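Pasted below: query_13.txt, compact mmCIF, C-alpha atoms.
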# COMPACT_ATOMS: atom_id res chain seq x y z
CA MET V 516 105.40 100.92 79.53
CA GLU V 517 101.64 100.52 79.04
CA LEU V 518 100.18 102.28 76.01
CA SER V 519 97.61 103.90 78.26
CA ASP V 520 100.42 105.59 80.20
CA ILE V 521 101.82 107.26 77.11
CA LYS V 522 101.25 110.99 76.94
CA PRO V 523 101.71 111.97 73.32
CA ASP V 524 103.20 115.38 72.54
CA VAL V 525 101.41 115.54 69.21
CA VAL V 526 98.15 113.87 68.10
CA HIS V 527 97.50 113.63 64.38
CA ASP V 528 94.24 112.32 62.91
CA VAL V 529 94.41 110.88 59.38
CA VAL V 530 91.13 108.97 59.46
CA GLY V 531 89.71 108.60 55.94
CA THR V 532 93.08 108.53 54.19
CA PHE V 533 94.73 105.42 52.81
CA CYS V 534 98.19 104.15 52.00
CA PRO V 535 100.57 105.88 51.50
CA VAL V 536 99.04 109.07 52.91
CA PRO V 537 99.18 107.95 56.59
CA ILE V 538 102.90 107.30 56.11
CA SER V 539 103.69 110.62 54.47
CA GLU V 540 101.61 112.40 57.15
CA THR V 541 103.54 110.59 59.88
CA ALA V 542 106.82 111.70 58.30
CA LYS V 543 105.58 115.27 58.06
CA MET V 544 104.69 115.39 61.76
CA ILE V 545 107.88 113.63 62.89
CA ARG V 546 109.94 116.11 60.90
CA GLN V 547 108.35 119.02 62.80
CA MET V 548 108.78 117.42 66.23
CA LYS V 549 111.76 117.40 68.59
CA ILE V 550 113.81 114.31 69.38
CA GLY V 551 112.26 112.44 72.30
CA GLN V 552 108.72 113.61 71.56
CA ILE V 553 105.91 111.12 70.94
CA LEU V 554 103.35 111.18 68.13
CA GLU V 555 99.95 109.54 68.37
CA LEU V 556 98.62 108.78 64.91
CA ILE V 557 94.92 107.97 64.53
CA ALA V 558 94.01 106.13 61.32
CA ASP V 559 91.35 103.77 59.96
CA ASP V 560 93.35 102.25 57.11
CA PRO V 561 93.98 98.73 58.45
CA GLY V 562 97.24 98.67 56.48
CA VAL V 563 98.85 101.06 58.96
CA VAL V 564 99.27 98.16 61.36
CA GLU V 565 102.02 96.86 59.09
CA ASP V 566 103.10 100.06 57.37
CA ILE V 567 103.90 102.29 60.31
CA PRO V 568 106.14 99.83 62.20
CA ALA V 569 107.91 99.11 58.87
CA TRP V 570 108.36 102.79 58.20
CA CYS V 571 109.78 103.29 61.71
CA LYS V 572 112.23 100.49 61.04
CA THR V 573 113.47 101.97 57.75
CA THR V 574 113.85 105.47 59.15
CA GLY V 575 115.17 104.53 62.60
CA GLN V 576 112.25 105.86 64.67
CA GLU V 577 110.91 103.96 67.67
CA PHE V 578 107.51 102.32 67.33
CA LEU V 579 105.97 102.08 70.78
CA GLY V 580 102.80 100.15 69.97
CA LEU V 581 99.19 100.49 68.91
CA TYR V 582 95.63 99.72 69.95
CA GLU V 583 92.37 99.54 68.03
CA GLU V 584 89.13 101.11 69.12
CA ASP V 585 85.93 101.26 67.03
CA GLY V 586 87.76 100.54 63.80
CA GLU V 587 90.33 103.25 64.42
CA TYR V 588 93.97 102.54 65.12
CA HIS V 589 96.00 104.58 67.58
CA LEU V 590 99.72 104.25 66.91
CA PHE V 591 102.51 105.67 69.04
CA ILE V 592 105.82 106.70 67.55
CA LYS V 593 108.76 108.23 69.37
CA LYS V 594 111.10 110.44 67.42
CA VAL V 595 114.64 109.26 68.08
CA LYS V 596 116.46 110.83 65.17
CA GLU V 597 116.12 113.60 62.63
CA LEU V 598 114.53 112.69 59.31
CA MET O 261 133.35 104.25 47.92
CA SER O 262 132.83 105.74 51.34
CA GLY O 263 131.12 109.08 51.83
CA ILE O 264 129.19 108.82 48.57
CA LYS O 265 125.42 108.99 48.94
CA ALA O 266 122.86 108.10 46.30
CA LEU O 267 119.19 108.93 46.08
CA ALA O 268 117.05 106.12 44.66
CA LEU O 269 113.59 106.13 43.10
CA LEU O 270 111.88 103.12 44.62
CA SER O 271 108.54 101.91 43.30
CA GLY O 272 108.79 98.66 45.22
CA GLY O 273 108.99 96.56 42.07
CA LEU O 274 111.86 94.19 41.48
CA ASP O 275 113.87 96.44 39.14
CA SER O 276 114.07 99.42 41.46
CA SER O 277 114.95 97.12 44.37
CA LEU O 278 117.76 95.48 42.40
CA ALA O 279 119.12 98.86 41.32
CA ILE O 280 119.49 99.78 45.00
CA LYS O 281 121.08 96.44 45.85
CA LEU O 282 123.73 96.84 43.13
CA ILE O 283 124.68 100.27 44.39
CA GLN O 284 124.68 99.22 48.05
CA GLU O 285 127.11 96.46 47.09
CA GLN O 286 129.58 99.13 46.08
CA GLY O 287 129.56 100.52 49.58
CA ILE O 288 127.40 103.50 48.69
CA GLN O 289 124.80 104.76 51.13
CA VAL O 290 121.32 104.82 49.59
CA TYR O 291 118.25 106.83 50.57
CA ALA O 292 114.99 105.93 48.81
CA LEU O 293 112.16 108.10 47.55
CA HIS O 294 108.71 106.80 46.71
CA PHE O 295 106.29 109.12 44.95
CA TYR O 296 102.61 109.33 45.78
CA THR O 297 100.71 110.42 42.67
CA GLY O 298 97.17 109.78 43.88
CA PHE O 299 96.74 106.87 41.42
CA CYS O 300 98.12 104.14 43.54
CA ILE O 301 96.55 100.68 43.26
CA THR O 302 97.36 99.75 46.86
CA GLU O 303 95.64 102.88 48.12
CA GLN O 304 92.59 102.11 46.02
CA LYS O 305 92.40 98.51 47.21
CA ARG O 306 92.57 99.57 50.82
CA ARG O 307 90.02 102.33 50.33
CA LEU O 308 87.57 99.76 48.97
CA GLY O 309 88.40 97.24 51.67
CA ILE O 310 89.88 94.70 49.23
CA LYS O 311 92.07 92.22 51.09
CA ARG O 312 94.69 89.65 50.13
CA GLU O 313 93.75 85.98 49.99
CA ASP O 314 94.78 85.49 53.61
CA GLY O 315 92.54 88.37 54.68
CA SER O 316 95.31 90.84 55.41
CA PRO O 317 95.46 94.28 53.79
CA TYR O 318 97.68 94.89 50.76
CA VAL O 319 101.06 96.23 51.83
CA ASN O 320 102.78 99.23 50.40
CA PRO O 321 105.31 97.64 48.02
CA ALA O 322 107.89 100.40 48.40
CA LEU O 323 107.84 100.12 52.16
CA ARG O 324 108.20 96.37 52.01
CA ALA O 325 111.14 96.69 49.63
CA ALA O 326 112.79 99.36 51.80
CA VAL O 327 112.61 97.08 54.84
CA GLN O 328 114.20 94.22 52.89
CA LEU O 329 116.94 96.45 51.52
CA GLY O 330 117.53 98.26 54.79
CA VAL O 331 117.20 101.73 53.30
CA PRO O 332 115.33 104.72 54.73
CA LEU O 333 112.26 105.54 52.68
CA GLU O 334 110.61 108.88 52.16
CA ILE O 335 107.18 109.18 50.58
CA VAL O 336 106.98 112.29 48.48
CA ASP O 337 103.47 113.55 47.84
CA ILE O 338 103.19 114.99 44.32
CA SER O 339 99.46 114.33 43.96
CA ASP O 340 98.46 118.01 43.60
CA GLU O 341 100.82 118.70 40.72
CA TYR O 342 100.22 115.26 39.29
CA PHE O 343 96.53 115.92 38.77
CA GLU O 344 97.39 118.73 36.31
CA VAL O 345 99.79 116.48 34.44
CA VAL O 346 97.20 113.73 34.02
CA LEU O 347 94.81 116.16 32.37
CA ASN O 348 97.41 117.98 30.25
CA PRO O 349 100.55 115.94 29.72
CA LYS O 350 103.18 117.78 27.68
CA TYR O 351 104.47 114.53 26.18
CA GLY O 352 101.12 112.82 25.80
CA TYR O 353 99.73 109.54 27.06
CA GLY O 354 100.95 105.99 26.66
CA ALA O 355 98.62 103.20 25.60
CA ASN O 356 96.07 104.30 28.21
CA VAL O 357 95.93 107.51 30.25
CA ASN O 358 99.40 107.04 31.63
CA PRO O 359 101.51 110.16 31.12
CA CYS O 360 104.71 108.18 31.78
CA ILE O 361 107.19 110.67 30.35
CA ASP O 362 105.81 113.68 32.20
CA CYS O 363 105.55 111.52 35.30
CA ARG O 364 109.22 110.52 35.20
CA ILE O 365 110.27 114.12 34.57
CA MET O 366 108.24 115.31 37.53
CA MET O 367 109.64 112.67 39.88
CA LEU O 368 113.21 113.29 38.79
CA ARG O 369 112.87 117.07 39.12
CA LYS O 370 111.72 116.52 42.66
CA ALA O 371 114.62 114.12 43.22
CA LYS O 372 117.03 116.76 41.93
CA GLU O 373 115.71 119.27 44.45
CA ILE O 374 116.14 116.79 47.30
CA MET O 375 119.58 115.75 46.04
CA GLN O 376 120.80 119.33 46.04
CA GLU O 377 119.18 120.32 49.35
CA ARG O 378 120.55 117.38 51.25
CA GLY O 379 123.88 116.77 49.58
CA TYR O 380 123.36 113.52 47.71
CA HIS O 381 125.76 112.84 44.87
CA PHE O 382 123.57 111.27 42.21
CA VAL O 383 120.23 109.56 41.48
CA ILE O 384 119.58 105.92 40.65
CA THR O 385 116.52 104.33 39.05
CA GLY O 386 115.46 100.80 38.16
CA GLU O 387 114.83 101.72 34.52
CA VAL O 388 115.76 99.05 31.99
CA LEU O 389 116.55 100.12 28.45
CA GLY O 390 113.82 99.05 26.04
CA GLN O 391 111.59 97.55 28.72
CA ARG O 392 108.65 99.91 28.49
CA PRO O 393 107.48 101.20 25.17
CA MET O 394 106.77 104.71 26.28
CA SER O 395 109.36 105.85 28.75
CA GLN O 396 112.32 103.51 28.57
CA MET O 397 113.57 103.87 25.01
CA PHE O 398 116.97 105.50 24.64
CA PRO O 399 115.85 108.86 23.18
CA THR O 400 113.18 109.07 25.88
CA LEU O 401 115.64 108.35 28.67
CA ARG O 402 117.77 111.22 27.31
CA LEU O 403 114.78 113.55 27.07
CA ILE O 404 113.70 112.76 30.63
CA GLU O 405 117.23 113.39 31.85
CA LYS O 406 117.47 116.72 30.11
CA GLU O 407 114.03 117.95 31.16
CA SER O 408 114.62 117.01 34.78
CA GLY O 409 117.91 118.91 34.87
CA LEU O 410 119.82 115.82 35.95
CA GLU O 411 121.93 115.25 32.83
CA GLY O 412 124.76 112.88 33.64
CA TYR O 413 123.54 112.34 37.20
CA ILE O 414 120.99 109.58 36.61
CA LEU O 415 122.53 106.15 36.91
CA ARG O 416 120.50 103.10 35.82
CA PRO O 417 122.47 100.24 37.34
CA LEU O 418 120.53 97.50 35.52
CA SER O 419 121.25 98.90 32.05
CA ALA O 420 124.35 101.00 32.73
CA LYS O 421 126.63 99.06 30.41
CA LEU O 422 124.31 99.71 27.48
CA LEU O 423 124.25 103.44 28.17
CA PRO O 424 126.94 106.14 27.98
CA PRO O 425 128.97 106.47 31.22
CA THR O 426 127.41 108.83 33.74
CA ILE O 427 129.22 111.31 35.97
CA PRO O 428 129.28 108.93 38.98
CA GLU O 429 131.01 106.36 36.77
CA LYS O 430 133.43 108.85 35.20
CA LEU O 431 134.44 110.21 38.59
CA GLY O 432 134.98 106.73 39.97
CA TRP O 433 132.26 106.93 42.64
CA VAL O 434 130.74 103.85 41.04
CA ASP O 435 132.56 100.96 39.38
CA ARG O 436 130.95 100.62 35.96
CA GLU O 437 132.32 97.11 35.60
CA LYS O 438 130.13 95.89 38.44
CA LEU O 439 126.96 97.30 36.89
CA LEU O 440 124.74 95.37 34.47
CA GLY O 441 123.80 95.54 30.82
CA ILE O 442 120.22 94.30 30.87
CA GLY O 443 117.96 95.41 28.02
CA GLY O 444 114.51 94.57 26.71
CA ARG O 445 111.36 93.15 28.18
CA GLY O 446 112.66 89.81 29.44
CA ARG O 447 112.72 89.29 33.21
CA LYS O 448 115.02 86.29 33.45
CA VAL O 449 118.15 88.04 34.68
CA GLN O 450 116.18 90.04 37.24
CA ILE O 451 114.46 86.93 38.58
CA GLU O 452 117.85 85.18 38.94
CA LEU O 453 119.21 88.19 40.80
CA ALA O 454 116.18 88.27 43.10
CA LYS O 455 117.00 84.69 44.07
CA LYS O 456 120.66 85.52 44.61
CA TYR O 457 119.83 88.46 46.89
CA ASN O 458 116.89 86.68 48.48
CA LEU O 459 114.49 89.50 47.59
CA GLU O 460 110.75 88.97 47.73
CA TYR O 461 108.74 90.93 45.22
CA GLU O 462 105.24 91.30 43.80
CA GLN O 463 104.12 88.82 41.14
CA PRO O 464 103.30 89.56 38.41
CA ALA O 465 105.52 92.56 37.95
CA GLY O 466 103.42 95.59 37.41
CA GLY O 467 103.22 99.17 38.31
CA CYS O 468 101.39 100.59 41.23
CA CYS O 469 99.56 103.01 38.96
CA TYR O 470 96.04 102.47 37.70
CA LEU O 471 96.38 105.00 34.89
CA THR O 472 97.88 102.15 32.86
CA ASP O 473 94.64 100.18 33.20
CA PRO O 474 92.74 100.07 29.85
CA ASN O 475 89.31 100.05 31.53
CA TYR O 476 90.18 103.08 33.58
CA ALA O 477 91.47 104.86 30.48
CA LEU O 478 88.25 104.11 28.61
CA LYS O 479 86.10 105.60 31.37
CA PHE O 480 88.41 108.59 31.61
CA LYS O 481 88.20 109.38 27.88
CA GLU O 482 84.47 108.83 27.79
CA ALA O 483 83.90 111.16 30.73
CA LEU O 484 86.08 113.83 29.21
CA SER O 485 84.27 113.70 25.88
CA VAL O 486 80.75 113.65 27.36
CA GLU O 487 81.17 115.91 30.39
CA GLY O 488 83.83 118.20 28.95
CA SER O 489 85.93 118.30 32.10
CA ILE O 490 87.26 116.07 34.83
CA THR O 491 87.68 116.97 38.47
CA ARG O 492 89.94 115.37 41.05
CA GLU O 493 86.91 113.68 42.57
CA ASP O 494 86.02 112.27 39.15
CA LEU O 495 89.47 110.70 38.90
CA VAL O 496 88.77 108.72 42.04
CA LEU O 497 85.18 107.84 41.10
CA LEU O 498 86.33 106.56 37.70
CA SER O 499 88.16 103.78 39.49
CA VAL O 500 85.12 102.59 41.43
CA GLY O 501 82.05 100.60 40.37
CA ARG O 502 80.28 99.87 37.15
CA HIS O 503 79.67 102.98 35.04
CA LEU O 504 76.55 103.44 32.89
CA ARG O 505 75.74 106.46 30.74
CA LEU O 506 72.06 107.32 30.28
CA PRO O 507 70.74 109.01 27.12
CA SER O 508 70.34 112.32 29.00
CA GLY O 509 74.08 112.34 29.72
CA ALA O 510 73.64 111.54 33.41
CA LYS O 511 75.91 108.80 34.68
CA LEU O 512 75.18 105.96 37.07
CA ILE O 513 77.96 104.50 39.18
CA VAL O 514 76.89 101.10 40.49
CA ALA O 515 78.70 99.64 43.50
CA ARG O 516 79.86 96.06 42.82
CA ASN O 517 80.44 94.91 46.38
CA GLU O 518 80.13 95.96 49.99
CA GLY O 519 83.45 97.81 49.94
CA GLU O 520 82.24 99.93 47.03
CA VAL O 521 78.85 100.53 48.67
CA ASN O 522 80.65 101.89 51.73
CA PHE O 523 82.94 103.98 49.62
CA LEU O 524 80.14 105.50 47.52
CA LYS O 525 78.14 106.28 50.66
CA GLY O 526 80.75 108.96 51.29
CA PHE O 527 79.42 110.86 48.26
CA ILE O 528 75.65 110.76 48.78
CA ASN O 529 75.49 114.22 50.33
CA ARG O 530 76.79 115.77 47.15
CA TYR O 531 75.36 113.48 44.46
CA GLY O 532 72.02 111.94 43.65
CA TYR O 533 71.66 108.26 44.50
CA ALA O 534 69.34 105.28 44.25
CA LYS O 535 68.98 102.14 46.34
CA ARG O 536 66.42 99.62 47.47
CA GLN O 537 64.08 100.92 50.16
CA ASP O 538 65.05 97.98 52.35
CA ASN O 539 68.76 98.81 51.82
CA LYS O 540 69.49 95.38 50.42
CA GLY O 541 71.95 95.18 47.56
CA THR O 542 73.79 97.88 45.72
CA LEU O 543 74.03 101.64 45.92
CA VAL O 544 73.91 103.67 42.71
CA LEU O 545 75.43 107.12 42.61
CA ILE O 546 73.85 109.50 40.09
CA LYS O 547 76.13 112.07 38.51
CA GLY O 548 74.43 114.80 36.50
CA LEU O 549 70.69 115.31 36.08
CA PRO O 550 68.64 112.46 34.61
CA THR O 551 65.26 113.22 33.05
CA GLU O 552 62.10 112.12 34.87
CA GLU O 553 61.52 109.55 32.13
CA GLU O 554 64.77 107.93 33.19
CA TYR O 555 63.71 107.34 36.81
CA PRO O 556 62.17 103.91 36.08
CA THR O 557 65.37 102.95 34.24
CA ILE O 558 67.49 103.95 37.23
CA ALA O 559 65.22 101.92 39.51
CA GLY O 560 65.56 99.01 37.07
CA VAL O 561 69.35 99.23 37.31
CA VAL O 562 69.14 99.11 41.11
CA CYS O 563 66.97 95.95 40.90
CA ARG O 564 69.21 94.36 38.28
CA TYR O 565 72.24 94.70 40.53
CA SER O 566 70.45 93.99 43.82
CA LYS O 567 69.58 90.30 43.84
CA ARG O 568 68.04 90.65 40.35
CA GLU O 569 64.47 90.82 41.69
CA PRO O 570 61.63 93.36 41.67
CA ALA O 571 61.78 95.80 44.56
CA GLU O 572 60.74 99.18 45.91
CA VAL O 573 63.46 101.67 45.01
CA LEU O 574 64.26 105.08 46.47
CA ILE O 575 65.77 107.68 44.17
CA LYS O 576 67.06 110.91 45.66
CA ILE O 577 68.10 113.79 43.45
CA GLY O 578 68.68 117.15 45.12
CA ASP O 579 65.73 117.69 47.49
CA LYS O 580 63.53 115.36 45.50
CA GLU O 581 62.76 111.87 46.77
CA ILE O 582 61.00 109.40 44.52
CA CYS O 583 59.83 105.93 45.45
CA LEU O 584 58.90 103.45 42.80
CA TRP O 585 58.38 99.76 42.29
CA ALA O 586 60.59 98.35 39.54
CA GLU O 587 61.60 95.18 37.76
CA PRO O 588 65.25 94.38 36.97
CA LEU O 589 66.29 96.12 33.78
CA SER O 590 66.69 93.82 30.77
CA GLU O 591 70.21 92.94 29.68
CA GLU O 592 69.55 94.39 26.26
CA ILE O 593 68.74 97.86 27.57
CA LEU O 594 71.54 97.66 30.09
CA GLU O 595 74.04 96.89 27.31
CA SER O 596 73.10 100.12 25.55
CA PHE O 597 74.19 102.15 28.58
CA LYS O 598 77.54 100.46 29.05
CA ILE O 599 80.66 102.43 28.27
CA ILE O 600 82.40 100.46 25.57
CA LYS O 601 85.29 101.43 23.37
CA GLU O 602 83.25 101.50 20.14
CA LYS O 603 81.28 104.43 21.54
CA VAL O 604 84.19 106.49 22.76
CA HIS O 605 85.95 108.83 20.39
CA GLY O 606 89.70 108.42 20.25
CA VAL O 607 89.80 104.92 21.71
CA GLU O 608 90.87 102.09 19.44
Represent the structure of the file as structure tokens.
Amino acid sequence: MELSDIKPDVVHDVVGTFCPVPISETAKMIRQMKIGQILELIADDPGVVEDIPAWCKTTGQEFLGLYEEDGEYHLFIKKVKEL
Amino acid sequence: MSGIKALALLSGGLDSSLAIKLIQEQGIQVYALHFYTGFCITEQKRRLGIKREDGSPYVNPALRAAVQLGVPLEIVDISDEYFEVVLNPKYGYGANVNPCIDCRIMMLRKAKEIMQERGYHFVITGEVLGQRPMSQMFPTLRLIEKESGLEGYILRPLSAKLLPPTIPEKLGWVDREKLLGIGGRGRKVQIELAKKYNLEYEQPAGGCCYLTDPNYALKFKEALSVEGSITREDLVLLSVGRHLRLPSGAKLIVARNEGEVNFLKGFINRYGYAKRQDNKGTLVLIKGLPTEEEYPTIAGVVCRYSKREPAEVLIKIGDKEICLWAEPLSEEILESFKIIKEKVHGVE
């Protein structure tokens, strides 16, 4: 699946926050979502590129991919289990 | 033992990682909590754009450890409550402005709530008896346990054999014989264990908290004594730039690099500032109201920290904009504005 084809169910903008806030914000959103739904996280902390996939791995969520545009990262996470 | 679930406090340092490993080895399922206090060094480095030697951003140590250990990690944000504790710790500060005892109590209280809500059996930490002067002495460990409401339910796998048996040991959930009896400040046993388990960890060992930094503590105490109060924004600004106090009581915060210039730019709508007209060099944030006589001094500071050459400087305070030509301030005068421990009451 191309990232451009992904239709996120929830978009959450955390631009201006830094580690670990983007991670705790991701968890907060995922907790509120239903299984199967997709979150698009927008962040400018370059550390999210490593952090969010790692977080998905530890908590068993599916990381779908990311792209960068004008210094902002768009990350796509699919909720596959309850947190 | 199957069906037993433990909640771990994971800083990402070696000790907390090893504590988890020892419990996992007993077949116990572990879920890790990492607390965000708002004073995290990794956060600060990333905010200022400071990178590792290879150019990559600093990683969150707890997350890295959780991946290695294969445990789910939850980041618990206690920054709102933590701010109050930093200003008014019930059990006082450590060597700097680190309220370690209050901090541990707060984290463990939160862990207790999560343990009860979600049906975990007990809590583990990487604490080592006698390792840290403030929070890891025996009476303090007891106090922290009592105040957090977790008496008997906090297991410290690295030092367990030096401590009275906990409920998980008494009930046979955990085999006490397989736990360790490490005490004191040495790191040898932990480093051996890291090799055995193939765990990567940060070197040198150190917390993720900049409240233990002596320079930060000095600026904190100075600001409190001169300004009388400290806001949340102050707590962040105290960790950025070079701080100079003018005779009027106004403070200058001088960016030391491009990352700090960018960071301080975020504050120029709410604070006064000074910089070279041609935008070369540093940015100086002005906190408080300097006297007009101090304007040439401020301009001199800008020149001193912007290529150390004379230049046209713009100073903006409220609606007022002043332009003046200045020479770099002499080192002697500059010294008199520096915040040093001899000038700050209560700092030895």
Extract, using only C-alpha atoms, all DNA, RNA and protein residues at most 7 Å from Leu554 (chain V), discarding same-chain residues fewer than 5 positions from it, and format them as a tab-separated table (two decimals) with C-alpha atoms, in the frame of the given file.
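Result file is result_0.tsv:
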chain	number	residue	atom	x	y	z
V	523	PRO	CA	101.71	111.97	73.32
V	524	ASP	CA	103.20	115.38	72.54
V	525	VAL	CA	101.41	115.54	69.21
V	526	VAL	CA	98.15	113.87	68.10
V	591	PHE	CA	102.51	105.67	69.04
V	592	ILE	CA	105.82	106.70	67.55
V	593	LYS	CA	108.76	108.23	69.37
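Compared by their closest atoms to Pro561 (chain V), and using only C-alpha atoms, the residues O:Glu405, O:Glu285, O:Glu303, O:Glu344 rank with O:Glu303 nearest.
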Could you write out as a CSV table (one decimal) with C-alpha atoms, in the frame of the given file the residues of chain V within 7 Å of chain O, counting only C-alpha atoms?
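The resulting file, result.csv, is reproduced below:
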chain,number,residue,atom,x,y,z
V,533,PHE,CA,94.7,105.4,52.8
V,534,CYS,CA,98.2,104.2,52.0
V,535,PRO,CA,100.6,105.9,51.5
V,539,SER,CA,103.7,110.6,54.5
V,560,ASP,CA,93.4,102.2,57.1
V,561,PRO,CA,94.0,98.7,58.4
V,562,GLY,CA,97.2,98.7,56.5
V,569,ALA,CA,107.9,99.1,58.9
V,570,TRP,CA,108.4,102.8,58.2
V,573,THR,CA,113.5,102.0,57.8
V,574,THR,CA,113.8,105.5,59.2
**Message:** When you look at Glu555 (chain V) with a cut-off of 12 Å (counting all atoms listed in the file), what residues show up, excluding the ones that are within fewer than 6 positions of it in the same chain? I need them as a list in words.
**Reply:** Leu518, Ser519, Ile521, Lys522, Pro523, Asp524, Val525, Val526, His527, Asp528, Val529, Pro537, Glu540, Thr541, Met544, Ile545, Ile567, Phe578, Leu579, Gly580, Leu581, Tyr582, Tyr588, His589, Leu590, Phe591, Ile592, Lys593 and Lys594 of chain V
For region 500-504 of chain O, I'd like the enclosing box, axis-aligned and padded by 4 Å on every side, reported as AutoDock Vina command-line options with centre and edge lengths in Å to one decimal.
--center_x 80.8 --center_y 101.7 --center_z 37.2 --size_x 16.6 --size_y 11.6 --size_z 16.5
**Prompt:** What lies within 12 Å of Ile582 (chain O) using only C-alpha atoms, ignoring chain neighbours under 2 positions off, as a VMD selection string?
**Reply:** chain O and resid 532 to 537 552 555 to 556 558 to 559 572 to 580 584 to 585
**Request:** Find the spatial neighbours of region 444-447 of chain O, counting all atoms listed in the file, within a cut-off of 7 Å - ignore same-chain residues fewer than 6 positions away - and output them as a ChimeraX atom specification.
**Result:** /O:389-391
Store the residues picked out above, limited to C-alpha atoms, as a PDB file, in the coordinates of the input.
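Contents of result.pdb, freshly written:
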ATOM      1  CA  LEU O 389     116.550 100.120  28.450  1.00  0.00           C
ATOM      2  CA  GLY O 390     113.820  99.050  26.040  1.00  0.00           C
ATOM      3  CA  GLN O 391     111.590  97.550  28.720  1.00  0.00           C
TER       4      GLN O 391
END
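The space between CA of Leu471 (chain O) and CA of Gly519 (chain O) spans 21.1 Å.
Our summary of the geometry notes that CA of Leu282 (chain O) is positioned 13.2 Å from CA of Leu267 (chain O).
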**Request:** Up to 12 Å from (124.3, 97.8, 46.7) in the file's coordinates: name the residues, counting all atoms listed in the file, as a PyMOL selection string.
**Result:** chain O and resi 261+265-266+268+276-291+329-331+384+417-418+434-435+438-439+457
**Message:** Just want the 6 Å neighbourhood of Ala515 (chain O), counted on all atoms listed in the file, with same-chain residues fewer than 3 positions away dropped. Output as an NGL selection string.
**Reply:** :O and (501 or 520-521 or 542-543)
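Ranking O:Ser395, O:Glu437, O:Val383, O:Pro425 by their shortest atom-to-atom distance to Tyr413 (chain O), with all atoms listed in the file included, puts O:Val383 first.
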**Message:** Quick check, in Å to one decimal: how far apart do CA of Asp559 (chain V) and CA of Gly531 (chain V) lie?
**Reply:** 6.5 Å
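In terms of minimum interatomic distance to Ile528 (chain O), O:Lys547 ranks closest within O:Lys547, O:Gln376, O:Pro570, O:Gly541, counting all atoms listed in the file.
In this comparison, which uses all atoms listed in the file, the residue of O:Ala483, O:Cys468, O:Ile593, O:Leu549 approaching Ser508 (chain O) most closely is O:Leu549.
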